Structures are given as structure tokens and as C-alpha cells.
>>> print(open('coords-v8.cif').read())   # mmCIF, C-alpha atoms
data_start
loop_
_atom_site.label_atom_id
_atom_site.label_comp_id
_atom_site.auth_asym_id
_atom_site.auth_seq_id
_atom_site.Cartn_x
_atom_site.Cartn_y
_atom_site.Cartn_z
CA MET A 1 0.00 0.00 0.00
CA ASP A 2 1.40 3.42 -0.89
CA ASP A 3 1.76 6.30 1.52
CA SER A 4 -1.29 8.09 0.14
CA GLN A 5 -3.49 5.29 1.48
CA ALA A 6 -1.98 5.20 4.96
CA ALA A 7 -3.72 6.83 7.89
CA PRO A 8 -2.23 10.19 8.92
CA ALA A 9 0.16 10.21 11.84
CA ALA A 10 -1.21 11.13 15.23
CA SER A 11 -0.63 14.80 16.00
CA ALA A 12 0.58 16.24 19.28
CA GLN A 13 -3.05 17.23 19.94
CA ASP A 14 -4.16 13.62 19.36
CA VAL A 15 -1.63 12.41 21.90
CA GLU A 16 -2.77 15.03 24.42
CA ARG A 17 -6.43 14.00 24.07
CA ALA A 18 -5.46 10.34 24.30
CA TRP A 19 -3.96 10.86 27.75
CA GLU A 20 -7.48 11.69 28.97
CA ASP A 21 -9.38 8.92 27.14
CA ASN A 22 -7.70 5.54 26.89
CA LYS A 23 -10.32 4.00 24.59
CA LEU A 24 -9.73 6.91 22.21
CA ALA A 25 -5.99 6.32 22.53
CA GLN A 26 -6.38 2.66 21.58
CA VAL A 27 -8.42 3.50 18.47
CA LEU A 28 -6.20 6.41 17.39
CA TYR A 29 -2.99 4.48 17.79
CA HIS A 30 -4.13 1.25 16.21
CA ASP A 31 -6.04 2.88 13.35
CA TRP A 32 -2.90 4.89 12.60
CA GLU A 33 -0.72 1.76 12.78
CA ALA A 34 -3.09 -0.49 10.80
CA GLN A 35 -1.66 0.00 7.33
CA THR A 36 2.01 -0.07 8.36
CA TYR A 37 1.85 -2.44 11.32
CA ASP A 38 2.89 -5.58 9.44
CA GLU A 39 5.95 -3.87 7.97
CA LYS A 40 6.90 -2.27 11.29
CA TRP A 41 6.89 -5.57 13.17
CA SER A 42 8.09 -7.76 10.26
CA ILE A 43 4.75 -9.60 10.21
CA SER A 44 4.13 -11.92 7.31
CA PHE A 45 1.94 -14.88 6.44
CA ASP A 46 4.50 -17.38 5.23
CA ASP A 47 6.62 -20.21 6.60
CA ARG A 48 8.70 -17.88 8.77
CA CYS A 49 5.85 -16.34 10.76
CA THR A 50 3.62 -19.41 10.56
CA SER A 51 6.31 -21.47 12.30
CA ILE A 52 6.84 -18.75 14.93
CA VAL A 53 3.10 -18.56 15.65
CA ARG A 54 2.66 -22.34 15.69
CA ASP A 55 5.54 -22.81 18.15
CA ARG A 56 4.40 -19.92 20.39
CA PHE A 57 0.80 -21.17 20.45
CA LEU A 58 1.77 -24.77 21.23
CA ARG A 59 4.21 -23.64 23.91
CA VAL A 60 1.41 -21.90 25.81
CA LEU A 61 -1.16 -24.62 25.06
CA GLU A 62 1.12 -27.37 26.32
CA SER A 63 1.82 -25.55 29.59
CA SER A 64 -1.50 -27.02 30.75
CA PRO A 65 -2.40 -30.22 28.84
CA VAL A 66 -6.04 -31.25 28.70
CA PRO A 67 -6.73 -35.01 28.29
CA GLY A 68 -8.64 -35.79 25.13
CA GLU A 69 -8.12 -32.38 23.55
CA SER A 70 -7.57 -32.58 19.81
CA LEU A 71 -6.40 -30.29 17.03
CA PRO A 72 -7.45 -28.40 15.03
CA PHE A 73 -9.83 -26.20 17.02
CA GLY A 74 -13.07 -25.41 15.23
CA ARG A 75 -14.69 -22.00 15.77
CA VAL A 76 -12.04 -19.55 16.93
CA LEU A 77 -12.10 -15.90 18.02
CA GLU A 78 -9.02 -13.70 18.10
CA LEU A 79 -9.24 -10.98 20.73
CA GLY A 80 -7.64 -7.67 19.73
CA ALA A 81 -6.60 -9.28 16.49
CA GLY A 82 -4.74 -6.39 14.93
CA THR A 83 -3.91 -7.34 11.36
CA GLY A 84 -4.54 -11.03 12.04
CA PHE A 85 -0.95 -12.09 12.74
CA PHE A 86 -1.86 -14.77 15.26
CA SER A 87 -5.15 -16.25 14.03
CA LEU A 88 -4.36 -16.17 10.30
CA ASN A 89 -1.00 -17.86 10.81
CA LEU A 90 -2.68 -20.41 13.09
CA LYS A 91 -5.08 -21.17 10.24
CA LEU A 92 -2.18 -21.50 7.80
CA ALA A 93 -0.55 -23.89 10.28
CA GLY A 94 -3.71 -26.04 10.32
CA LEU A 95 -4.34 -25.50 14.04
CA VAL A 96 -7.68 -23.67 13.69
CA GLU A 97 -10.54 -23.73 11.20
CA ASP A 98 -13.29 -21.07 11.33
CA VAL A 99 -11.63 -17.73 12.20
CA HIS A 100 -13.40 -14.72 13.69
CA VAL A 101 -11.52 -11.55 14.66
CA SER A 102 -12.34 -8.63 16.93
CA ASP A 103 -10.55 -5.39 17.67
CA LEU A 104 -11.38 -1.99 19.13
CA SER A 105 -9.81 -0.41 16.03
CA PRO A 106 -11.91 -0.44 12.83
CA GLY A 107 -8.71 -0.02 10.83
CA MET A 108 -7.22 -3.18 12.31
CA VAL A 109 -10.38 -5.24 11.66
CA GLU A 110 -10.33 -4.15 8.03
CA ALA A 111 -6.60 -4.91 7.73
CA ALA A 112 -7.17 -8.43 9.11
CA ARG A 113 -10.00 -9.04 6.62
CA THR A 114 -7.81 -7.80 3.78
CA ASN A 115 -4.93 -10.07 4.82
CA ALA A 116 -7.31 -13.05 4.93
CA GLU A 117 -8.58 -12.27 1.42
CA ARG A 118 -5.03 -12.12 0.13
CA LEU A 119 -4.46 -15.57 1.62
CA GLY A 120 -7.54 -16.93 -0.14
CA PHE A 121 -10.06 -17.31 2.66
CA THR A 122 -12.78 -15.26 4.34
CA ILE A 123 -13.02 -14.39 8.01
CA GLU A 124 -15.70 -12.74 10.12
CA GLY A 125 -14.67 -9.57 11.95
CA GLN A 126 -16.27 -7.15 14.39
CA VAL A 127 -15.20 -3.92 16.03
CA ALA A 128 -15.44 -4.90 19.69
CA ASP A 129 -14.38 -3.91 23.18
CA ALA A 130 -12.72 -6.88 24.87
CA GLU A 131 -14.48 -6.02 28.12
CA ALA A 132 -17.92 -6.33 26.44
CA LEU A 133 -17.70 -8.82 23.57
CA PRO A 134 -20.67 -8.77 21.13
CA TYR A 135 -20.96 -12.57 20.98
CA GLU A 136 -23.39 -15.01 22.56
CA ASP A 137 -22.50 -17.30 25.45
CA ASP A 138 -20.80 -20.60 24.56
CA SER A 139 -19.98 -19.46 21.01
CA PHE A 140 -16.36 -20.54 20.47
CA ASP A 141 -14.12 -23.57 20.88
CA LEU A 142 -11.03 -21.40 21.32
CA VAL A 143 -10.24 -17.76 22.02
CA VAL A 144 -6.74 -16.55 21.19
CA GLY A 145 -4.85 -13.30 21.59
CA HIS A 146 -1.36 -12.04 20.98
CA ALA A 147 0.12 -8.95 22.65
CA VAL A 148 -3.39 -7.76 23.48
CA ILE A 149 -4.30 -7.90 27.16
CA HIS A 150 -1.61 -5.39 28.16
CA HIS A 151 -3.76 -2.85 26.23
CA ILE A 152 -6.99 -3.69 28.11
CA PRO A 153 -7.87 -1.55 31.17
CA ASP A 154 -9.53 -4.38 33.14
CA VAL A 155 -7.76 -7.64 32.31
CA GLU A 156 -9.84 -9.74 34.69
CA ALA A 157 -13.09 -8.42 33.20
CA ALA A 158 -11.83 -9.23 29.71
CA LEU A 159 -10.94 -12.78 30.75
CA ARG A 160 -14.42 -13.20 32.24
CA GLU A 161 -15.82 -12.18 28.84
CA VAL A 162 -13.50 -14.65 27.12
CA LEU A 163 -14.77 -17.43 29.37
CA ARG A 164 -18.38 -16.38 28.78
CA VAL A 165 -18.12 -16.74 25.00
CA LEU A 166 -16.23 -20.06 25.21
CA ARG A 167 -18.21 -23.27 25.17
CA PRO A 168 -17.85 -25.39 28.35
CA GLY A 169 -14.50 -27.11 28.11
CA GLY A 170 -13.28 -24.51 25.60
CA ARG A 171 -9.85 -23.02 25.91
CA PHE A 172 -8.17 -19.63 25.67
CA VAL A 173 -4.54 -19.13 24.65
CA ILE A 174 -3.06 -15.66 24.99
CA ALA A 175 0.60 -15.16 24.09
CA GLY A 176 3.19 -12.45 23.60
CA GLU A 177 2.47 -10.31 26.67
CA PRO A 178 5.28 -8.28 28.29
CA THR A 179 6.58 -9.33 31.68
CA THR A 180 7.31 -6.60 34.20
CA ILE A 181 11.05 -7.26 34.32
CA GLY A 182 11.26 -7.88 30.57
CA HIS A 183 9.48 -4.63 29.80
CA TRP A 184 11.93 -2.75 32.02
CA TYR A 185 15.08 -3.98 30.32
CA ALA A 186 13.57 -3.85 26.81
CA ARG A 187 12.59 -0.19 27.19
CA HIS A 188 15.98 0.78 28.61
CA LEU A 189 17.80 -1.04 25.82
CA GLY A 190 15.54 0.53 23.20
CA ARG A 191 15.93 4.05 24.58
CA LEU A 192 19.73 3.75 24.76
CA THR A 193 19.93 2.36 21.22
CA TRP A 194 17.72 5.17 19.89
CA GLU A 195 19.82 7.91 21.50
CA VAL A 196 23.12 6.47 20.29
CA ALA A 197 21.93 5.66 16.76
CA THR A 198 20.24 9.00 16.08
CA ARG A 199 23.24 10.97 17.40
CA VAL A 200 25.91 8.95 15.59
CA THR A 201 24.09 8.95 12.25
CA ARG A 202 23.97 12.77 12.30
CA LEU A 203 27.77 12.95 12.17
CA PRO A 204 28.81 14.61 8.88
CA PHE A 205 30.61 11.61 7.39
CA LEU A 206 27.64 9.28 8.12
CA ALA A 207 24.59 11.49 7.68
CA LYS A 208 24.17 11.17 3.91
CA LYS A 209 23.76 7.39 3.99
CA TRP A 210 22.56 6.64 7.50
CA ALA A 211 20.56 9.57 8.90
CA ARG A 212 16.78 9.33 8.83
CA GLU A 213 14.87 12.52 7.96
CA GLN A 214 14.07 14.63 11.01
CA ALA A 215 10.34 14.60 10.18
CA GLU A 216 10.39 10.80 10.31
CA LEU A 217 12.24 10.84 13.63
CA ASP A 218 9.66 13.27 15.02
CA GLU A 219 6.85 10.99 13.84
CA SER A 220 8.51 8.01 15.52
CA SER A 221 8.79 10.01 18.75
CA ARG A 222 5.05 10.79 18.62
CA ALA A 223 4.36 7.11 17.97
CA ALA A 224 6.44 6.19 21.02
CA ALA A 225 4.53 8.72 23.13
CA LEU A 226 1.15 7.33 22.04
CA GLU A 227 2.40 3.77 22.46
CA ALA A 228 3.18 4.61 26.09
CA VAL A 229 -0.46 5.67 26.51
CA VAL A 230 -1.92 2.43 25.10
CA ASP A 231 0.47 0.06 26.88
CA LEU A 232 -1.31 -0.24 30.22
CA HIS A 233 0.12 -3.32 31.92
CA THR A 234 3.08 -5.58 32.37
CA PHE A 235 2.73 -8.97 34.02
CA ASP A 236 4.33 -11.19 36.56
CA PRO A 237 3.58 -14.72 35.26
CA ALA A 238 2.33 -16.00 38.62
CA GLU A 239 0.07 -12.97 39.08
CA LEU A 240 -1.29 -13.34 35.54
CA ALA A 241 -2.18 -16.96 36.28
CA ALA A 242 -3.93 -15.85 39.47
CA THR A 243 -5.93 -13.27 37.49
CA ALA A 244 -7.09 -15.99 35.08
CA ARG A 245 -8.22 -18.15 38.00
CA ARG A 246 -10.11 -15.26 39.58
CA ALA A 247 -11.89 -14.76 36.26
CA GLY A 248 -13.12 -18.35 36.53
CA ALA A 249 -10.63 -20.36 34.45
CA GLN A 250 -9.52 -23.87 35.29
CA ARG A 251 -6.36 -25.70 34.21
CA VAL A 252 -4.46 -22.43 34.04
CA GLY A 253 -0.91 -22.54 32.72
CA THR A 254 1.76 -19.99 31.76
CA ALA A 255 4.73 -20.15 29.42
CA THR A 256 7.50 -17.65 28.74
CA GLU A 257 10.08 -17.02 26.03
CA GLU A 258 12.66 -14.48 24.83
CA LEU A 259 15.48 -13.69 27.20
CA LEU A 260 18.80 -13.49 25.35
CA SER A 261 16.80 -12.95 22.16
CA ALA A 262 15.09 -9.92 23.72
CA PHE A 263 18.42 -8.42 24.79
CA ALA A 264 19.48 -8.59 21.13
CA GLY A 265 16.09 -8.07 19.48
CA TRP A 266 15.13 -4.75 21.04
CA PRO A 267 18.37 -2.95 20.10
CA ILE A 268 18.23 -4.44 16.60
CA ARG A 269 14.61 -3.38 16.07
CA THR A 270 15.21 0.09 17.48
CA PHE A 271 18.29 0.57 15.32
CA GLU A 272 16.20 -0.25 12.25
CA TYR A 273 13.74 2.53 13.15
CA ALA A 274 16.51 5.03 13.88
CA VAL A 275 18.42 4.87 10.58
CA ALA A 276 17.46 5.52 6.98
CA ASP A 277 15.59 2.66 5.29
CA SER A 278 18.00 2.66 2.37
CA ALA A 279 20.99 2.04 4.64
CA LEU A 280 19.93 -1.50 5.48
CA GLY A 281 19.52 -4.34 3.03
CA PHE A 282 19.07 -8.09 2.75
CA THR A 283 22.37 -8.89 4.47
CA TRP A 284 21.27 -6.96 7.55
CA ALA A 285 17.81 -8.59 7.52
CA ARG A 286 19.37 -12.06 7.33
CA PHE A 287 21.78 -11.22 10.17
CA ALA A 288 18.96 -9.87 12.37
CA TYR A 289 16.70 -12.87 11.79
CA ARG A 290 19.44 -15.48 12.26
CA THR A 291 20.63 -13.77 15.44
CA TRP A 292 17.12 -13.80 16.87
CA THR A 293 16.40 -17.44 15.96
CA THR A 294 19.76 -18.62 17.30
CA LEU A 295 19.20 -16.88 20.61
CA MET A 296 15.61 -18.18 20.77
CA ARG A 297 17.03 -21.71 20.71
CA ALA A 298 19.36 -20.79 23.56
CA ASP A 299 16.40 -19.33 25.45
CA ALA A 300 14.53 -22.62 25.12
CA ALA A 301 17.37 -24.32 26.99
CA LEU A 302 17.44 -21.58 29.65
CA ASP A 303 13.73 -22.07 30.27
CA ALA A 304 14.49 -25.05 32.48
CA VAL A 305 16.72 -23.08 34.86
CA VAL A 306 15.70 -19.39 34.70
CA PRO A 307 12.51 -18.26 36.52
CA GLN A 308 9.68 -17.23 34.20
CA LYS A 309 9.57 -13.64 35.45
CA PHE A 310 12.94 -12.83 33.84
CA PHE A 311 11.83 -13.64 30.28
CA TYR A 312 10.38 -10.91 28.07
CA ASN A 313 7.17 -12.62 26.85
CA VAL A 314 4.56 -14.47 28.86
CA GLY A 315 1.53 -16.40 27.67
CA VAL A 316 -1.41 -17.76 29.63
CA THR A 317 -3.99 -20.45 28.95
CA GLY A 318 -7.07 -21.69 30.75
CA VAL A 319 -10.21 -23.74 30.26
CA LYS A 320 -13.87 -22.86 30.81
CA PRO A 321 -15.32 -25.18 33.48
CA ARG A 322 -17.94 -27.69 32.45
CA PRO A 323 -21.25 -27.64 34.34
CA THR A 324 -21.24 -29.75 37.48
CA PRO A 325 -23.66 -32.72 37.16
CA HIS A 326 -26.49 -32.65 39.68
#
>>> encode(input="coords-v8.cif", output="C-alpha cells")
Amino acid sequence: MDDSQAAPAASAQDVERAWEDNKLAQVLYHDWEAQTYDEKWSISFDDRCTSIVRDRFLRVLESSPVPGESLPFGRVLELGAGTGFFSLNLKLAGLVEDVHVSDLSPGMVEAARTNAERLGFTIEGQVADAEALPYEDDSFDLVVGHAVIHHIPDVEAALREVLRVLRPGGRFVIAGEPTTIGHWYARHLGRLTWEVATRVTRLPFLAKKWAREQAELDESSRAAALEAVVDLHTFDPAELAATARRAGAQRVGTATEELLSAFAGWPIRTFEYAVADSALGFTWARFAYRTWTTLMRADAALDAVVPQKFFYNVGVTGVKPRPTPH
């Protein structure tokens, strides 16, 4: 999509209003991000991202096995779906069948529908508040989410809604949420990388090739300010599990990932935003991806010895109780 079709950047006035109205902030930010979100976060619908999504989903799912549970899941809802990264790649992986998406942002719902059409299938989508889902009780076999509940003001209320729309015995799997400790070191690494990269690339002998236009840097700074408004929570894995149980879930489990890979990934990603697009090419992209995947394998080994709270990402799963026989 060309720049003429992209939503305009949020202004300073938008950011100011968003501080006073978080629902407005969520819509403004995510509508603005909708058309560039996949590029920004290197989201694709191919073997690379399908394998990442499959492994992340199964990692959380298998943290709390349910006897007799079989794949694929049938009717599935993605909560806060964004552009469909999680649910559409789950469908490509053969883990889900009938996909429905919801998001507070109309722009994101439309982007998810468009991505599905490009992949050759149709999905149902609704603009929806996660704390008041417009679906009937017992409607879905599975509810999924990725990097979504840290945007929701009342996480426990949203999980109660998730359990309401699940059929008895149905499951939710939510992945990719920031831990409290992981968020702390990721933000510090990102901020340091941004300061160093933007200063160094303005040096006279580097500026022509490496420096990003000041207007683009200013836009990125506004994006970061608005992102801070919409990112409401970080999670301790044990506390997140307790929240799921309070909401009414059974068989709750948590899984974490990204430790060494986060220490490398955040500086790499921030560096990419801080320098001119033309300065980086395929060699850099291959280096960045191989570094991340190599460190992810190391993280998988560390999972057995490092407490969950030190990893960057946490996921949670739970099951809707079946009625008690009388």
C-alpha cells in the first residue's frame, strides 16, 4: 500500500487527548498503525511467521495439557486481532478452522479481513471492546490473543468475557504479553539504542547514507509517546495466572520465552527505526533474523533453569469449566 493510502500520523493534539481517554488512545494508535503495522513488526503470512506462531501457540497450550483435547480447534475468536498475525497464521498452520476476529480499532479489523482475502479465505470480523464482547455465550471452541491484554484496562473483566463466549471445556490461549522485568530492560535497551543511533548517524561523514529525515524521527517520537499511553500493563507470570483463575478459568498454565533474544532483538529493532531505510539491506535482515532465531534456541534451553519472570514474553492459557452434574 502506498503512503497516500496510509492513515495520517497522530498529531501532538491527538496524543494530548489520548492521555485523557484511553479508549480513544487505543483507536487512534491502532487505526494509525493499521496499514504499516505488518511492515513495522516484520509480520508476514508465510513459513517464517507461521512457524513462529505455531511454536508460540503450542508452547502456551502445552503448559496445561487437557486429556482428550484434539487439534485443530473449530470456531475460533481472536481478541484484539490487529492485522490477524496470530489467528491467520494459526489457520495457515492447520491449528484452527473457522476464524473470527475482533478489535477496538476499525482499521485493524479491516486490515485483518484484507490479509485473509489475500491468503484466499474469508473471516468474520467485528469492532469490539474486549471487556464487552458482542458474541453469545458458549460461542467458540477457542479464544486466542497475541500482545493484546496489556492494552486492556480491566484484564480480569476481559478474561471473564472470554470465558463467557467459550463453550464449556473450551480453551483460551493468549501469548506475547510483556513481563514486568522484561518490559523494564527492553525499554531501557531501546531508549539507549535510539539515543546512540540518532546521534551517531547525524555525524557529517555518516549522515548522507545513515541519517533518517528529522520529520520521520519526530513521527517516531510521537508514535512512542502514544504507544506509552496504550500500553497499560506488564505482568508477573504468577500474578497473571492468578488473574485468570479469579476470572473463573480452570487448568491455568503460563509459558515464557525471549530472554537473550530480547536483549538482542530490542536494540536491533530500534536501530532499524533510527536509521534511513536505504541504509539496510538483505544482508542486515538475514543477520537480524538469524541472530534472533539462534538466541531463541538458547532461550529454550534456559527455560528449564531461569525463573519465568525474567523472560520478556509471557503467555497464559485456561479452560472454561464444564457444568457440574447434579
>>> residues_near_point(input="coords-v8.cif", point="(5.4, -17.0, 26.1)", cutoff="8 Å", atoms="only C-alpha atoms", output="short mmCIF file (atom, residue, chain, number, x, y, z; two decimals) with C-alpha atoms, in the frame of the given file")
data_model
loop_
_atom_site.label_atom_id
_atom_site.label_comp_id
_atom_site.auth_asym_id
_atom_site.auth_seq_id
_atom_site.Cartn_x
_atom_site.Cartn_y
_atom_site.Cartn_z
CA ARG A 56 4.40 -19.92 20.39
CA ARG A 59 4.21 -23.64 23.91
CA VAL A 60 1.41 -21.90 25.81
CA ALA A 175 0.60 -15.16 24.09
CA GLY A 176 3.19 -12.45 23.60
CA GLU A 177 2.47 -10.31 26.67
CA THR A 254 1.76 -19.99 31.76
CA ALA A 255 4.73 -20.15 29.42
CA THR A 256 7.50 -17.65 28.74
CA GLU A 257 10.08 -17.02 26.03
CA GLU A 258 12.66 -14.48 24.83
CA ASN A 313 7.17 -12.62 26.85
CA VAL A 314 4.56 -14.47 28.86
CA GLY A 315 1.53 -16.40 27.67
CA VAL A 316 -1.41 -17.76 29.63
#
>>> closest_residue(input="coords-v8.cif", among="A:Ser102, A:Thr234, A:Thr270, A:Thr291", to="A:Glu195", atoms="only C-alpha atoms")
A:Thr270
>>> closest_residue(input="coords-v8.cif", among="A:Val196, A:Ala186, A:Leu77, A:Leu240", to="A:Phe311", atoms="all atoms listed in the file")
A:Ala186
>>> resolve_selection(input="coords-v8.cif", expression="the PyMOL selection byres ((chain A and resi 131-143) around 10)", output="ChimeraX atom specification")
/A:73-79,87,96,98-103,126-130,144-145,152-174,317,319-320
>>> write_last_selection(input="coords-v8.cif", atoms="C-alpha atoms", output="PDB file, keeping the file's coordinate frame")
ATOM      1  CA  PHE A  73      -9.830 -26.200  17.020  1.00  0.00           C
ATOM      2  CA  GLY A  74     -13.070 -25.410  15.230  1.00  0.00           C
ATOM      3  CA  ARG A  75     -14.690 -22.000  15.770  1.00  0.00           C
ATOM      4  CA  VAL A  76     -12.040 -19.550  16.930  1.00  0.00           C
ATOM      5  CA  LEU A  77     -12.100 -15.900  18.020  1.00  0.00           C
ATOM      6  CA  GLU A  78      -9.020 -13.700  18.100  1.00  0.00           C
ATOM      7  CA  LEU A  79      -9.240 -10.980  20.730  1.00  0.00           C
ATOM      8  CA  SER A  87      -5.150 -16.250  14.030  1.00  0.00           C
ATOM      9  CA  VAL A  96      -7.680 -23.670  13.690  1.00  0.00           C
ATOM     10  CA  ASP A  98     -13.290 -21.070  11.330  1.00  0.00           C
ATOM     11  CA  VAL A  99     -11.630 -17.730  12.200  1.00  0.00           C
ATOM     12  CA  HIS A 100     -13.400 -14.720  13.690  1.00  0.00           C
ATOM     13  CA  VAL A 101     -11.520 -11.550  14.660  1.00  0.00           C
ATOM     14  CA  SER A 102     -12.340  -8.630  16.930  1.00  0.00           C
ATOM     15  CA  ASP A 103     -10.550  -5.390  17.670  1.00  0.00           C
ATOM     16  CA  GLN A 126     -16.270  -7.150  14.390  1.00  0.00           C
ATOM     17  CA  VAL A 127     -15.200  -3.920  16.030  1.00  0.00           C
ATOM     18  CA  ALA A 128     -15.440  -4.900  19.690  1.00  0.00           C
ATOM     19  CA  ASP A 129     -14.380  -3.910  23.180  1.00  0.00           C
ATOM     20  CA  ALA A 130     -12.720  -6.880  24.870  1.00  0.00           C
ATOM     21  CA  VAL A 144      -6.740 -16.550  21.190  1.00  0.00           C
ATOM     22  CA  GLY A 145      -4.850 -13.300  21.590  1.00  0.00           C
ATOM     23  CA  ILE A 152      -6.990  -3.690  28.110  1.00  0.00           C
ATOM     24  CA  PRO A 153      -7.870  -1.550  31.170  1.00  0.00           C
ATOM     25  CA  ASP A 154      -9.530  -4.380  33.140  1.00  0.00           C
ATOM     26  CA  VAL A 155      -7.760  -7.640  32.310  1.00  0.00           C
ATOM     27  CA  GLU A 156      -9.840  -9.740  34.690  1.00  0.00           C
ATOM     28  CA  ALA A 157     -13.090  -8.420  33.200  1.00  0.00           C
ATOM     29  CA  ALA A 158     -11.830  -9.230  29.710  1.00  0.00           C
ATOM     30  CA  LEU A 159     -10.940 -12.780  30.750  1.00  0.00           C
ATOM     31  CA  ARG A 160     -14.420 -13.200  32.240  1.00  0.00           C
ATOM     32  CA  GLU A 161     -15.820 -12.180  28.840  1.00  0.00           C
ATOM     33  CA  VAL A 162     -13.500 -14.650  27.120  1.00  0.00           C
ATOM     34  CA  LEU A 163     -14.770 -17.430  29.370  1.00  0.00           C
ATOM     35  CA  ARG A 164     -18.380 -16.380  28.780  1.00  0.00           C
ATOM     36  CA  VAL A 165     -18.120 -16.740  25.000  1.00  0.00           C
ATOM     37  CA  LEU A 166     -16.230 -20.060  25.210  1.00  0.00           C
ATOM     38  CA  ARG A 167     -18.210 -23.270  25.170  1.00  0.00           C
ATOM     39  CA  PRO A 168     -17.850 -25.390  28.350  1.00  0.00           C
ATOM     40  CA  GLY A 169     -14.500 -27.110  28.110  1.00  0.00           C
ATOM     41  CA  GLY A 170     -13.280 -24.510  25.600  1.00  0.00           C
ATOM     42  CA  ARG A 171      -9.850 -23.020  25.910  1.00  0.00           C
ATOM     43  CA  PHE A 172      -8.170 -19.630  25.670  1.00  0.00           C
ATOM     44  CA  VAL A 173      -4.540 -19.130  24.650  1.00  0.00           C
ATOM     45  CA  ILE A 174      -3.060 -15.660  24.990  1.00  0.00           C
ATOM     46  CA  THR A 317      -3.990 -20.450  28.950  1.00  0.00           C
ATOM     47  CA  VAL A 319     -10.210 -23.740  30.260  1.00  0.00           C
ATOM     48  CA  LYS A 320     -13.870 -22.860  30.810  1.00  0.00           C
TER      49      LYS A 320
END
>>> resolve_selection(input="coords-v8.cif", expression="the PyMOL selection byres ((chain A and resi 271) around 10)", output="PyMOL selection string")
chain A and resi 190+193-198+265-270+272-276
>>> atom_distance(input="coords-v8.cif", atom1="atom CA of A:Leu217", atom2="atom CA of A:Tyr185")
22.5 Å
>>> residues_around(input="coords-v8.cif", residues="A:Arg118", least_positions_apart="6", cutoff="12 Å", atoms="all atoms listed in the file", output="PDB file with C-alpha atoms, in the frame of the given file")
ATOM      1  CA  SER A  44       4.130 -11.920   7.310  1.00  0.00           C
ATOM      2  CA  PHE A  45       1.940 -14.880   6.440  1.00  0.00           C
ATOM      3  CA  GLY A  84      -4.540 -11.030  12.040  1.00  0.00           C
ATOM      4  CA  LEU A  88      -4.360 -16.170  10.300  1.00  0.00           C
ATOM      5  CA  ALA A 111      -6.600  -4.910   7.730  1.00  0.00           C
ATOM      6  CA  ALA A 112      -7.170  -8.430   9.110  1.00  0.00           C
TER       7      ALA A 112
END
>>> closest_residue(input="coords-v8.cif", among="A:Glu216, A:Ser64, A:Ala224, A:Asn115", to="A:Ala249", atoms="all atoms listed in the file")
A:Ser64
>>> atom_distance(input="coords-v8.cif", atom1="atom CA of A:Asn89", atom2="atom CA of A:Leu295")
22.5 Å
